[in-house]
>>> print(open('input-v8.csv').read())   # CSV, C-alpha atoms
chain,number,residue,atom,x,y,z
A,7,MET,CA,-81.4,-4.0,40.7
A,8,PRO,CA,-81.7,-7.4,39.2
A,9,LYS,CA,-78.8,-9.7,39.9
A,10,VAL,CA,-78.0,-12.6,37.6
A,11,ARG,CA,-75.8,-15.4,39.0
A,12,VAL,CA,-74.2,-17.7,36.5
A,13,PRO,CA,-72.2,-20.9,37.4
A,14,ARG,CA,-69.1,-19.8,35.6
A,15,LYS,CA,-66.2,-18.0,37.3
A,16,ASN,CA,-64.1,-15.1,35.9
A,17,VAL,CA,-66.4,-13.9,33.2
A,18,THR,CA,-64.7,-11.0,31.5
A,19,PRO,CA,-66.3,-7.7,30.3
A,20,GLY,CA,-65.2,-8.6,26.8
A,21,GLU,CA,-67.2,-11.9,26.9
A,22,VAL,CA,-70.3,-10.0,28.2
A,23,VAL,CA,-70.0,-7.5,25.3
A,24,THR,CA,-69.7,-10.3,22.7
A,25,VAL,CA,-72.6,-12.3,24.1
A,26,LEU,CA,-75.0,-9.4,24.6
A,27,SER,CA,-74.1,-7.9,21.2
A,28,ARG,CA,-75.1,-11.2,19.6
A,29,ARG,CA,-78.2,-11.9,21.7
A,30,LEU,CA,-79.7,-8.4,21.8
A,31,GLY,CA,-79.1,-7.6,18.1
A,32,PRO,CA,-78.1,-4.5,16.1
A,33,GLY,CA,-80.6,-2.2,17.9
A,34,TYR,CA,-78.4,-2.2,21.0
A,35,ARG,CA,-74.9,-0.8,21.5
A,36,VAL,CA,-72.9,-2.7,24.0
A,37,GLU,CA,-69.5,-1.4,25.3
A,38,SER,CA,-67.1,-1.9,28.2
A,39,ASP,CA,-65.5,0.9,30.2
A,40,GLY,CA,-62.2,-1.0,30.4
A,41,GLY,CA,-62.9,-2.1,34.0
A,42,ARG,CA,-65.6,-4.5,35.3
A,43,GLN,CA,-68.5,-2.4,33.9
A,44,VAL,CA,-70.5,-2.8,30.7
A,45,THR,CA,-73.1,-0.4,29.3
A,46,VAL,CA,-75.9,-1.4,27.0
A,47,ARG,CA,-77.6,1.4,25.1
A,48,LYS,CA,-80.8,1.3,23.1
A,49,SER,CA,-80.7,5.1,22.7
A,50,ALA,CA,-79.2,8.1,24.5
A,51,THR,CA,-81.8,7.9,27.3
A,52,ARG,CA,-82.6,4.1,27.3
A,53,TYR,CA,-79.7,2.2,28.8
A,54,ALA,CA,-78.6,-0.3,31.4
A,55,ASN,CA,-75.3,-0.6,33.4
A,56,ILE,CA,-73.9,-4.0,34.3
A,57,SER,CA,-71.3,-4.6,37.0
A,58,ILE,CA,-69.4,-7.9,37.1
A,59,SER,CA,-68.3,-9.5,40.4
A,60,ASP,CA,-67.0,-12.9,41.3
A,61,GLN,CA,-68.2,-15.3,44.0
A,62,PRO,CA,-66.9,-18.7,44.8
A,63,GLY,CA,-67.9,-20.9,41.9
A,64,ALA,CA,-69.9,-18.2,40.1
A,65,SER,CA,-70.0,-14.8,38.5
A,66,VAL,CA,-72.7,-12.2,39.4
A,67,PHE,CA,-74.0,-9.5,37.1
A,68,GLY,CA,-75.6,-6.6,38.7
A,69,VAL,CA,-77.9,-5.0,36.1
A,70,HIS,CA,-79.6,-1.7,36.7
A,71,GLY,CA,-81.2,1.0,34.6
A,72,GLY,CA,-79.3,4.2,34.0
A,73,GLY,CA,-80.3,7.8,33.8
A,74,PHE,CA,-81.9,10.4,36.1
A,75,ILE,CA,-84.3,9.3,38.8
A,76,PHE,CA,-87.5,8.9,36.8
A,77,LEU,CA,-85.6,7.5,33.7
A,78,ARG,CA,-83.8,5.0,35.9
A,79,LEU,CA,-87.1,3.5,37.0
A,80,VAL,CA,-88.3,3.2,33.4
A,81,ASN,CA,-85.0,1.7,32.3
A,82,THR,CA,-85.0,-0.8,35.2
A,83,PHE,CA,-88.2,-2.2,34.0
A,84,GLY,CA,-87.4,-2.0,30.3
A,85,THR,CA,-83.8,-2.1,29.1
A,86,ALA,CA,-82.3,-3.6,32.2
A,87,ARG,CA,-84.9,-6.4,32.4
A,88,ARG,CA,-84.2,-7.3,28.8
A,89,VAL,CA,-80.5,-7.4,29.4
A,90,ALA,CA,-80.8,-9.5,32.6
A,91,ASP,CA,-83.0,-12.0,30.7
A,92,ALA,CA,-80.4,-12.2,27.9
A,93,LEU,CA,-77.7,-12.9,30.4
A,94,ARG,CA,-79.8,-15.5,32.3
A,95,ARG,CA,-80.5,-17.4,29.1
A,96,SER,CA,-77.0,-17.3,27.6
A,97,PRO,CA,-75.6,-20.8,27.3
A,98,GLU,CA,-72.1,-19.3,27.0
A,99,PHE,CA,-72.1,-18.6,30.8
A,100,ARG,CA,-73.4,-21.9,31.9
A,101,SER,CA,-70.0,-23.7,32.2
A,102,LEU,CA,-66.5,-23.8,30.8
>>> encode(input="input-v8.csv", output="structure tokens")
Amino acid sequence: MPKVRVPRKNVTPGEVVTVLSRRLGPGYRVESDGGRQVTVRKSATRYANISISDQPGASVFGVHGGGFIFLRLVNTFGTARRVADALRRSPEFRSL
């Protein structure tokens, strides 16, 4: 599971949804579950889950592919990797 650490504390799921919706484009559906989880869907079987946790001085996004065993592996190297790259390159999470 790729982990993306950004030097900004207290990133909210709403911010993640907004940033990923803009950076990934209209081909992806990004939604929050109301807690600290965000799901990014390319299709019904191609998706990634993001968990948000806080560490001193940073936020950490755990990004992993979703689905059954063999689909999870495919999604980890496809959708999840693209999502992790978008989070890593987002200037919105660099600082306040």
>>> closest_residue(input="input-v8.csv", among="A:Gly63, A:Ile56, A:Glu37, A:Arg78", to="Ala90 (chain A)", atoms="all atoms listed in the file")
A:Ile56
>>> closest_residue(input="input-v8.csv", among="A:Asp91, A:Pro13, A:Glu21, A:Asn81", to="Arg47 (chain A)", atoms="all atoms listed in the file")
A:Asn81
>>> residues_around(input="input-v8.csv", residues="Val66 (chain A)", least_positions_apart="3", cutoff="10 Å", atoms="only C-alpha atoms", output="PyMOL selection string")
chain A and resi 9-17+56-61+69
>>> atom_distance(input="input-v8.csv", atom1="CA of Gly20 (chain A)", atom2="CA of Val44 (chain A)")
8.8 Å
>>> residues_around(input="input-v8.csv", residues="Thr45 (chain A)", least_positions_apart="4", cutoff="9 Å", atoms="all atoms listed in the file", output="ChimeraX atom specification")
/A:23,35-39,53-57
>>> atom_distance(input="input-v8.csv", atom1="CA of Ser65 (chain A)", atom2="CA of Thr85 (chain A)")
21.0 Å
